[in-house]
$ cat entry37.txt   # compact mmCIF, C-alpha atoms
# COMPACT_ATOMS: atom_id res chain seq x y z
CA MET E 1 104.98 110.92 167.94
CA SER E 2 105.94 114.13 166.13
CA ASN E 3 109.45 115.60 166.33
CA THR E 4 110.53 115.92 169.99
CA PRO E 5 113.83 116.22 171.89
CA LEU E 6 113.82 112.40 171.81
CA LEU E 7 113.02 111.75 168.15
CA HIS E 8 113.40 113.72 164.93
CA ARG E 9 111.92 112.51 161.66
CA GLN E 10 113.84 113.32 158.48
CA SER E 11 112.10 115.20 155.69
CA PHE E 12 112.50 112.81 152.75
CA TYR E 13 111.22 109.42 151.68
CA LEU E 14 112.92 106.58 149.84
CA ARG E 15 110.36 105.16 147.44
CA PRO E 16 110.29 102.19 145.03
CA ASP E 17 111.09 102.82 141.39
CA PRO E 18 109.33 100.51 138.89
CA ALA E 19 111.68 101.67 136.12
CA ARG E 20 114.56 99.69 137.66
CA VAL E 21 114.50 96.22 136.10
CA LEU E 22 116.47 92.98 136.02
CA ALA E 23 116.89 90.62 133.08
CA ARG E 24 115.54 87.33 134.42
CA PRO E 25 115.12 83.90 132.80
CA PHE E 26 111.72 83.42 131.21
CA LYS E 27 111.00 79.82 132.08
CA THR E 28 108.45 77.62 130.41
CA SER E 29 107.02 74.95 132.70
CA ALA E 30 109.74 72.68 131.32
CA GLU E 31 112.28 74.43 133.55
CA PRO E 32 113.82 73.53 135.82
CA ARG E 33 112.04 70.36 136.98
CA ASP E 34 108.92 69.59 134.94
CA ARG E 35 110.20 68.25 131.64
CA THR E 36 107.13 66.60 130.17
CA PRO E 37 107.16 65.90 126.40
CA THR E 38 104.60 68.66 125.81
CA ASP E 39 106.77 71.25 127.59
CA THR E 40 109.92 70.10 125.81
CA LYS E 41 108.05 70.37 122.54
CA ARG E 42 107.10 73.98 123.32
CA VAL E 43 110.74 74.95 123.91
CA SER E 44 111.72 73.15 120.72
CA HIS E 45 109.02 75.01 118.76
CA ILE E 46 110.29 78.41 119.90
CA VAL E 47 113.88 77.50 119.04
CA GLY E 48 112.79 76.10 115.69
CA ARG E 49 110.98 79.32 114.78
CA VAL E 50 114.12 81.32 115.46
CA LEU E 51 116.24 78.95 113.38
CA ALA E 52 113.75 79.18 110.51
CA LEU E 53 114.49 82.90 110.09
CA ASP E 54 116.76 83.68 107.16
CA PRO E 55 120.11 85.26 108.20
CA ALA E 56 119.06 88.83 107.34
CA SER E 57 115.79 88.55 109.27
CA ALA E 58 117.54 87.05 112.28
CA GLU E 59 120.08 89.86 112.26
CA ARG E 60 117.33 92.49 112.07
CA GLN E 61 115.48 90.93 114.98
CA LEU E 62 118.62 90.89 117.12
CA VAL E 63 119.40 94.51 116.24
CA GLN E 64 115.89 95.48 117.32
CA VAL E 65 116.34 93.68 120.64
CA LEU E 66 119.66 95.38 121.30
CA GLU E 67 118.37 98.84 120.31
CA HIS E 68 115.33 98.48 122.53
CA PHE E 69 116.99 96.98 125.64
CA GLN E 70 120.73 97.81 125.51
CA GLY E 71 120.41 100.97 127.62
CA ARG E 72 118.35 99.19 130.27
CA HIS E 73 120.91 96.52 131.20
CA ARG E 74 124.66 96.22 131.62
CA HIS E 75 126.38 93.66 129.40
CA LEU E 76 123.19 92.71 127.56
CA VAL E 77 124.95 90.66 124.88
CA ALA E 78 126.75 88.64 127.54
CA THR E 79 123.41 88.12 129.30
CA LEU E 80 121.86 86.78 126.10
CA GLU E 81 124.80 84.43 125.59
CA ALA E 82 124.64 83.24 129.19
CA ARG E 83 120.93 82.46 128.87
CA ALA E 84 121.60 80.42 125.74
CA ASP E 85 124.40 78.59 127.58
CA ALA E 86 121.99 77.72 130.40
CA MET E 87 119.64 76.15 127.86
CA GLU E 88 122.35 74.06 126.18
CA ALA E 89 120.57 70.77 126.87
CA ALA E 90 117.36 72.01 125.24
CA LEU E 91 119.27 73.35 122.22
CA ALA E 92 121.41 70.28 121.61
CA ALA E 93 118.79 68.57 119.47
CA HIS E 94 118.88 71.44 116.97
CA GLY E 95 122.55 71.17 116.03
CA ALA E 96 124.94 74.09 115.58
CA PHE E 97 124.05 77.77 115.99
CA ASN E 98 125.80 80.93 114.92
CA SER E 99 126.25 83.79 117.44
CA THR E 100 123.27 85.75 116.13
CA GLN E 101 120.96 82.76 116.54
CA ARG E 102 122.27 81.98 120.02
CA GLN E 103 121.81 85.56 121.23
CA LEU E 104 118.35 85.77 119.71
CA ILE E 105 117.31 82.48 121.32
CA GLY E 106 118.65 83.81 124.63
CA ALA E 107 116.45 86.89 124.20
CA TYR E 108 113.32 84.78 123.66
CA PHE E 109 113.92 83.08 127.00
CA LEU E 110 114.47 86.25 129.06
CA HIS E 111 112.06 88.79 130.52
CA GLU E 112 112.36 92.03 132.45
CA TYR E 113 111.40 91.96 136.13
CA SER E 114 110.69 95.20 137.97
CA PHE E 115 112.11 94.04 141.29
CA GLU E 116 110.94 97.02 143.37
CA ALA E 117 107.73 97.85 141.53
CA VAL E 118 105.56 97.18 144.59
CA ALA E 119 107.68 98.15 147.58
CA LEU E 120 111.08 99.16 148.94
CA PHE E 121 111.02 98.60 152.67
CA ASN E 122 112.28 96.98 155.91
CA PRO E 123 115.74 98.58 155.93
CA SER E 124 118.81 97.95 158.05
CA ILE E 125 121.90 100.15 158.25
CA VAL E 126 125.62 99.58 158.90
CA ALA E 127 128.78 101.68 158.56
CA HIS E 128 130.26 101.51 155.05
CA PRO E 129 133.47 99.41 154.94
CA ASP E 130 135.05 102.27 152.92
CA GLN E 131 134.89 105.61 154.76
CA THR E 132 136.58 107.54 151.95
CA ASP E 133 134.81 110.88 151.41
CA ALA E 134 132.91 110.64 154.69
CA PRO E 135 131.78 114.10 155.88
CA ALA E 136 133.76 115.77 158.68
CA GLY E 137 132.56 114.28 161.95
CA GLY E 138 130.21 111.99 160.01
CA ARG E 139 130.16 108.52 158.46
CA ARG E 140 129.34 106.75 155.25
CA PHE E 141 126.76 103.95 155.50
CA ILE E 142 125.22 101.10 153.56
CA LEU E 143 121.48 100.55 153.70
CA SER E 144 120.02 97.14 152.92
CA LEU E 145 116.43 97.01 151.71
CA ARG E 146 113.77 94.46 150.89
CA ALA E 147 112.48 95.07 147.37
CA THR E 148 109.22 93.47 146.22
CA GLY E 149 107.88 93.13 142.69
CA GLU E 150 105.31 91.18 140.70
CA GLY E 151 104.02 88.08 142.48
CA HIS E 152 105.19 89.44 145.85
CA VAL E 153 108.70 88.09 145.26
CA SER E 154 111.25 89.80 147.51
CA SER E 155 114.95 90.38 146.85
CA LEU E 156 117.81 92.09 148.66
CA THR E 157 119.09 95.44 147.38
CA PHE E 158 121.28 98.26 148.70
CA ARG E 159 121.83 102.02 148.88
CA SER E 160 124.72 104.09 150.18
CA GLY E 161 124.69 107.44 151.92
CA SER E 162 126.18 109.72 154.56
CA ILE E 163 125.43 110.78 158.10
CA ALA E 164 126.48 114.31 159.01
CA ALA E 165 128.03 115.17 162.37
CA ASP E 166 124.63 116.27 163.67
CA GLY E 167 122.90 113.06 162.54
CA ALA E 168 121.31 114.39 159.35
CA VAL E 169 121.05 111.65 156.71
CA THR E 170 121.66 111.88 152.97
CA VAL E 171 121.04 108.91 150.65
CA ASP E 172 122.99 108.74 147.40
CA PRO E 173 120.91 108.64 144.19
CA ALA E 174 120.22 105.12 142.95
CA ALA E 175 121.83 104.03 139.69
CA ARG E 176 119.52 103.69 136.71
CA LEU E 177 120.64 100.11 136.05
CA ALA E 178 120.38 97.04 138.25
CA SER E 179 121.83 93.56 137.96
CA ILE E 180 122.09 90.19 139.65
CA PRO E 181 125.50 88.67 140.58
CA ARG E 182 127.74 87.84 137.64
CA SER E 183 128.77 84.56 139.22
CA GLN E 184 127.43 82.11 141.73
CA ARG E 185 128.56 78.70 142.92
CA ARG E 186 127.42 76.13 145.40
CA ILE E 187 129.93 75.30 148.13
CA ALA E 188 130.97 71.67 147.81
CA GLY E 189 130.73 69.67 151.00
CA GLU E 190 128.78 72.38 152.80
CA LEU E 191 125.16 72.55 153.87
CA GLU E 192 122.48 72.14 151.24
CA ASP E 193 121.87 75.43 149.38
CA CYS E 194 125.07 77.09 150.65
CA ILE E 195 126.18 79.42 147.84
CA GLU E 196 128.55 82.27 147.05
CA VAL E 197 127.73 85.17 144.75
CA GLU E 198 129.88 88.00 143.37
CA PHE E 199 129.15 91.31 141.64
CA ASP E 200 131.27 93.34 139.23
CA PRO E 201 133.35 95.90 141.15
CA ASP E 202 132.53 98.60 138.59
CA GLU E 203 128.84 98.46 139.52
CA ASP E 204 127.48 101.01 141.97
CA ILE E 205 126.25 99.39 145.18
CA SER E 206 122.68 100.42 144.33
CA GLU E 207 122.91 98.27 141.16
CA ARG E 208 123.49 95.07 143.14
CA VAL E 209 120.42 92.91 143.65
CA ILE E 210 120.47 89.49 145.29
CA PHE E 211 117.44 87.80 143.77
CA PRO E 212 116.17 84.42 145.07
CA ILE E 213 118.47 81.65 143.89
CA THR E 214 117.60 78.43 145.70
CA GLU E 215 114.30 76.59 145.93
CA ALA E 216 113.99 77.57 149.61
CA GLN E 217 114.29 81.26 148.60
CA SER E 218 112.13 81.04 145.48
CA ASN E 219 109.40 83.40 146.74
CA GLY E 220 111.59 85.75 148.67
CA ILE E 221 114.71 86.85 150.49
CA GLU E 222 113.04 88.84 153.24
CA ASP E 223 114.00 91.28 156.00
CA ALA E 224 117.80 91.12 156.19
CA ARG E 225 119.11 92.33 159.55
CA PHE E 226 122.71 93.43 158.90
CA VAL E 227 125.23 93.97 161.67
CA GLU E 228 128.95 94.77 161.68
CA PHE E 229 130.48 91.92 163.68
CA ASP E 230 133.62 92.25 165.78
CA ASP E 231 135.74 89.11 165.56
CA HIS E 232 139.03 90.92 166.41
CA GLU E 233 140.70 89.78 163.18
CA ARG E 234 138.70 91.29 160.33
CA LYS E 235 135.72 93.48 159.64
CA ILE E 236 132.80 91.31 158.57
CA PHE E 237 129.11 91.94 158.13
CA TYR E 238 126.47 89.33 158.87
CA ALA E 239 122.74 89.40 158.27
CA THR E 240 120.04 86.94 159.12
CA TYR E 241 117.10 86.87 156.71
CA THR E 242 114.00 84.83 156.00
CA ALA E 243 114.04 82.49 153.02
CA TYR E 244 110.49 81.90 151.77
CA SER E 245 109.67 79.15 149.31
CA GLY E 246 106.00 80.06 148.91
CA SER E 247 104.94 77.42 151.41
CA ALA E 248 107.69 77.31 154.06
CA ILE E 249 110.14 79.63 155.80
CA ARG E 250 113.57 79.21 157.32
CA SER E 251 116.28 81.52 158.62
CA GLU E 252 119.49 81.88 156.63
CA LEU E 253 122.71 83.84 157.12
CA ILE E 254 124.48 86.06 154.63
CA GLU E 255 128.04 87.27 155.19
CA THR E 256 130.30 89.73 153.38
CA GLU E 257 133.40 91.82 153.93
CA ASP E 258 133.00 94.23 151.02
CA PHE E 259 129.37 94.03 149.74
CA LEU E 260 130.78 92.66 146.48
CA ARG E 261 131.10 88.99 147.45
CA PHE E 262 128.46 87.30 149.58
CA ARG E 263 128.12 83.85 151.12
CA MET E 264 124.60 82.60 151.91
CA THR E 265 124.11 79.67 154.28
CA PRO E 266 120.97 78.04 155.71
CA LEU E 267 120.87 77.97 159.51
CA LYS E 268 120.26 74.72 161.39
CA GLY E 269 118.40 73.98 164.60
CA THR E 270 114.96 74.56 166.07
CA ALA E 271 115.37 78.35 166.25
CA ALA E 272 116.09 78.52 162.50
CA ARG E 273 112.55 77.37 161.72
CA ASN E 274 111.37 80.84 162.76
CA LYS E 275 111.89 84.29 161.28
CA GLY E 276 113.22 87.53 162.73
CA MET E 277 116.53 86.40 164.24
CA ALA E 278 119.08 89.14 165.00
CA LEU E 279 122.76 88.56 165.81
CA PHE E 280 124.63 90.39 168.58
CA PRO E 281 127.59 92.38 167.17
CA ARG E 282 130.14 90.36 169.13
CA LYS E 283 130.45 87.11 171.06
CA LEU E 284 129.18 87.00 174.64
CA ASP E 285 131.34 84.89 176.99
CA GLY E 286 132.83 83.13 173.98
CA GLN E 287 129.48 82.30 172.37
CA TYR E 288 127.48 83.75 169.51
CA ALA E 289 124.13 85.18 170.60
CA MET E 290 120.85 86.02 168.88
CA ILE E 291 117.57 87.64 169.77
CA GLY E 292 114.68 85.79 168.15
CA ARG E 293 111.04 84.81 168.41
CA GLN E 294 110.22 81.11 168.73
CA ASP E 295 106.52 81.10 169.60
CA ASN E 296 104.99 83.91 167.47
CA GLU E 297 104.60 86.03 170.59
CA ASN E 298 107.65 86.51 172.84
CA LEU E 299 111.34 87.39 172.47
CA TYR E 300 114.09 84.88 173.30
CA LEU E 301 117.82 85.02 173.94
CA ILE E 302 119.56 82.22 172.03
CA ARG E 303 123.23 81.25 172.40
CA SER E 304 125.40 78.98 170.27
CA ASP E 305 129.00 77.85 169.91
CA ASP E 306 128.37 77.47 166.17
CA LEU E 307 127.37 80.44 164.04
CA TYR E 308 125.22 78.19 161.84
CA SER E 309 123.39 76.07 164.46
CA TRP E 310 120.76 77.52 166.78
CA GLY E 311 118.64 75.63 169.29
CA GLU E 312 116.13 76.62 171.93
CA GLY E 313 116.52 79.93 173.76
CA VAL E 314 115.15 81.45 176.96
CA VAL E 315 112.25 83.91 177.08
CA ILE E 316 113.43 87.39 178.04
CA LEU E 317 110.51 89.58 176.96
CA GLU E 318 106.73 89.12 176.75
CA PRO E 319 104.00 91.52 175.58
CA GLN E 320 103.14 93.86 178.44
CA PHE E 321 101.65 97.11 177.12
CA PRO E 322 98.57 97.60 174.88
CA TRP E 323 100.59 98.60 171.81
CA GLU E 324 102.27 95.15 171.84
CA PHE E 325 99.51 92.85 173.13
CA VAL E 326 99.37 90.72 169.94
CA GLN E 327 103.11 90.02 169.66
CA ILE E 328 106.58 91.51 169.94
CA GLY E 329 109.73 91.02 167.90
CA ASN E 330 113.15 92.54 167.42
CA CYS E 331 113.92 95.39 165.04
CA GLY E 332 117.48 94.40 164.29
CA SER E 333 120.64 93.58 166.17
CA PRO E 334 121.23 94.97 169.68
CA ILE E 335 123.31 98.16 169.83
CA GLU E 336 126.01 98.32 172.49
CA LEU E 337 125.90 101.33 174.84
CA ASP E 338 127.81 101.99 178.07
CA GLU E 339 124.54 101.45 179.93
CA GLY E 340 123.66 98.11 178.32
CA TRP E 341 122.40 96.56 175.08
CA LEU E 342 119.81 98.74 173.36
CA LEU E 343 117.31 96.52 171.53
CA LEU E 344 114.75 98.12 169.27
CA THR E 345 111.52 96.13 169.20
CA HIS E 346 108.30 96.07 167.26
CA GLY E 347 104.93 95.55 168.85
CA VAL E 348 101.62 94.66 167.25
CA GLY E 349 98.49 96.18 168.79
CA ALA E 350 94.84 96.79 168.00
CA ILE E 351 93.79 96.74 164.31
CA ARG E 352 97.19 95.08 163.65
CA GLN E 353 99.08 98.35 164.07
CA TYR E 354 102.86 97.93 164.16
CA SER E 355 104.90 100.32 166.29
CA ILE E 356 108.57 100.56 167.28
CA GLY E 357 109.75 100.56 170.89
CA ALA E 358 112.99 99.87 172.76
CA VAL E 359 114.41 97.72 175.55
CA LEU E 360 117.63 98.03 177.54
CA LEU E 361 119.30 94.70 178.35
CA ASP E 362 122.06 94.11 180.90
CA LYS E 363 125.54 94.32 179.34
CA GLU E 364 126.87 91.22 181.09
CA ASP E 365 123.65 89.19 181.17
CA PRO E 366 121.34 90.23 178.31
CA SER E 367 118.62 87.91 179.58
CA ARG E 368 118.02 90.60 182.24
CA VAL E 369 115.73 93.43 181.11
CA LEU E 370 116.76 96.71 182.76
CA ALA E 371 114.13 98.97 181.18
CA ARG E 372 111.61 99.13 178.34
CA SER E 373 109.38 101.69 176.64
CA LYS E 374 105.83 101.87 177.95
CA GLN E 375 104.80 103.80 174.83
CA PRO E 376 106.04 103.39 171.26
CA LEU E 377 108.94 105.52 170.11
CA VAL E 378 107.62 105.50 166.53
CA ARG E 379 104.08 104.71 165.48
CA PRO E 380 102.28 105.35 162.17
CA GLU E 381 101.61 109.06 161.74
CA VAL E 382 98.51 110.25 159.85
CA SER E 383 100.76 110.70 156.80
CA GLU E 384 102.26 107.23 157.30
CA ARG E 385 99.19 105.02 157.48
CA GLU E 386 98.47 104.29 153.83
CA GLY E 387 100.28 101.74 151.70
CA TYR E 388 100.55 98.10 150.74
CA VAL E 389 100.02 97.05 154.39
CA PRO E 390 98.36 99.93 156.31
CA ASN E 391 99.29 101.04 159.83
CA VAL E 392 102.82 99.61 159.91
CA VAL E 393 106.18 101.13 160.78
CA TYR E 394 109.05 98.64 160.87
CA THR E 395 112.84 98.47 160.79
CA CYS E 396 115.41 95.70 160.48
CA GLY E 397 118.28 97.56 162.10
CA ALA E 398 119.61 100.92 163.32
CA MET E 399 123.14 102.14 164.10
CA ARG E 400 124.79 104.44 166.63
CA HIS E 401 126.44 107.69 165.53
CA HIS E 402 127.89 109.79 168.36
CA ASN E 403 124.94 110.43 170.71
CA HIS E 404 122.30 109.51 168.14
CA ILE E 405 120.64 106.33 166.97
CA ILE E 406 120.12 106.51 163.20
CA LEU E 407 116.84 104.73 162.55
CA PRO E 408 115.75 103.89 159.00
CA TYR E 409 112.21 102.55 159.02
CA ALA E 410 109.62 101.31 156.56
CA VAL E 411 106.15 102.77 156.20
CA CYS E 412 103.23 100.43 155.41
CA ASP E 413 105.51 97.88 153.74
CA THR E 414 105.86 100.34 150.87
CA PHE E 415 108.60 102.98 151.30
CA CYS E 416 111.18 104.18 153.82
CA ASN E 417 111.98 107.18 155.97
CA PHE E 418 114.67 108.04 158.54
CA ALA E 419 114.54 109.25 162.11
CA THR E 420 117.22 110.08 164.65
CA LEU E 421 116.92 109.27 168.36
CA ASP E 422 118.84 111.15 171.03
CA ILE E 423 120.42 108.43 173.20
CA ASP E 424 120.33 110.38 176.48
CA ALA E 425 116.69 111.31 175.98
CA LEU E 426 115.88 107.74 174.99
CA LEU E 427 117.46 106.27 178.12
CA ARG E 428 115.55 108.74 180.29
CA ALA E 429 112.32 107.72 178.57
CA LEU E 430 112.74 103.99 179.19
$ encode --input "entry37.txt" --output "structure tokens"
Amino acid sequence: MSNTPLLHRQSFYLRPDPARVLARPFKTSAEPRDRTPTDTKRVSHIVGRVLALDPASAERQLVQVLEHFQGRHRHLVATLEARADAMEAALAAHGAFNSTQRQLIGAYFLHEYSFEAVALFNPSIVAHPDQTDAPAGGRRFILSLRATGEGHVSSLTFRSGSIAADGAVTVDPAARLASIPRSQRRIAGELEDCIEVEFDPDEDISERVIFPITEAQSNGIEDARFVEFDDHERKIFYATYTAYSGSAIRSELIETEDFLRFRMTPLKGTAARNKGMALFPRKLDGQYAMIGRQDNENLYLIRSDDLYSWGEGVVILEPQFPWEFVQIGNCGSPIELDEGWLLLTHGVGAIRQYSIGAVLLDKEDPSRVLARSKQPLVRPEVSEREGYVPNVVYTCGAMRHHNHIILPYAVCDTFCNFATLDIDALLRAL
């Protein structure tokens, strides 16, 4: 669908940048679990070679490392020291080290990872918690994105930007540097793999990358669906996402108030064994509510008294039109309108083409479908068919701004674009 009174596509694309890199641990097969004598010997050999360097040679090598990589990473020396600290058990057998040797050993067990070299896609959007410098009649926003690099490992990254009064979108330039959280800790007494992470406040939001941390996340943190949640006491943002280990998936929840500190918690229950869950922005009749897919085909309404436990739901939507015959799913959290809950959906049709549609759910009883789109609102244009996964448009969440829905969407699992939907025209079309 080209630009119409209903939908207007923006004129810019947000593309992945392979020059943005993280400093990640280079792990021999001895880390973290397989510690066979052969692997331990390999680590020991590398450390021994560094220690065999005379002081002047060691200093020259470290200077070369710093000259070559200092401008590509914040706090590189601290990163080298931290990597050496993490290897303390492997280094213990070699006795004492001076600071040059420790930093150099840290460098030999790090590598650069281009976290968005392959793709930057599946966005969701929420209002920025800090509306300082918002344009007149407009709003600041935060965009979450799935970034994918070598080995198809996905991480969570962010951008900021502004929406003008008329719905026009501007995305702030991304910082040159990128970094993982400076601290992380597991929450004692909580669920397995429940962790908290924190970034430096002097880092731009586009520098912050949440890279897989736990074993369950080891191959990806995928498709975060952020929503600003109203709990009447504080402003908090939640997002469900898929944790992928390489062989299994599960749904997890991330929460933050400021996009500096994040808490990540695995979800429990039968619904959490699936992907694509999306939280309503407030409680319904005193309960939390989600839209999810439990059978690889239909959409369900799921309710819970506990934010972290989700059982079976009730089917509210099944494939009906040709563009969604294969399966349907949500495209982010429902958006509250006077007329009902607006739920953006994705449908999969012939030749595995993904398109975006919409459904209107009853405000008081969202298991009741009031209206739905017979035709897609957004489908792959001729210029939006080529990429990592052809014939796909997809979003993980939109937001309302005056009489517009601001819709960031991914193209072919590769890059992103924006569209705006006129709410009145959309409701007439359903």
$ residues_around --input "entry37.txt" --residues "E:Ala216" --least-positions-apart "4" --cutoff "12 Å" --atoms "all atoms listed in the file" --output "PyMOL selection string"
chain E and resi 192-194+212+220-222+242-252+264-266
$ atom_distance --input "entry37.txt" --atom1 "atom CA of E:Leu110" --atom2 "atom CA of E:Gln61"
14.9 Å
$ residues_around --input "entry37.txt" --residues "E:Asp338" --least-positions-apart "5" --cutoff "12 Å" --atoms "all atoms listed in the file" --output "ChimeraX atom specification"
/E:360-364,403,423-424,427
$ residues_around --input "entry37.txt" --residues "E:Asp172" --least-positions-apart "5" --cutoff "12 Å" --atoms "all atoms listed in the file" --output "ChimeraX atom specification"
/E:14,140-143,158-163,204-206
$ closest_atom_pairs --input "entry37.txt" --of "stretch 233-291 of chain E" --to "stretch 302-319 of chain E" --cutoff "8 Å" --atoms "only C-alpha atoms" --output "CSV"
residue,atom,partner,partner_atom,distance
E:Leu253,CA,E:Tyr308,CA,7.8
E:Thr265,CA,E:Tyr308,CA,7.8
E:Pro266,CA,E:Tyr308,CA,7.5
E:Leu267,CA,E:Tyr308,CA,4.9
E:Lys268,CA,E:Ser309,CA,4.6
E:Gly269,CA,E:Trp310,CA,4.8
E:Thr270,CA,E:Gly311,CA,5.0
E:Ala271,CA,E:Gly311,CA,5.2
E:Ala272,CA,E:Trp310,CA,6.4
E:Gly286,CA,E:Asp305,CA,7.7
E:Gln287,CA,E:Asp305,CA,5.1
E:Tyr288,CA,E:Ser304,CA,5.3
E:Ala289,CA,E:Arg303,CA,4.4
E:Met290,CA,E:Ile302,CA,5.1
E:Ile291,CA,E:Ile302,CA,6.2
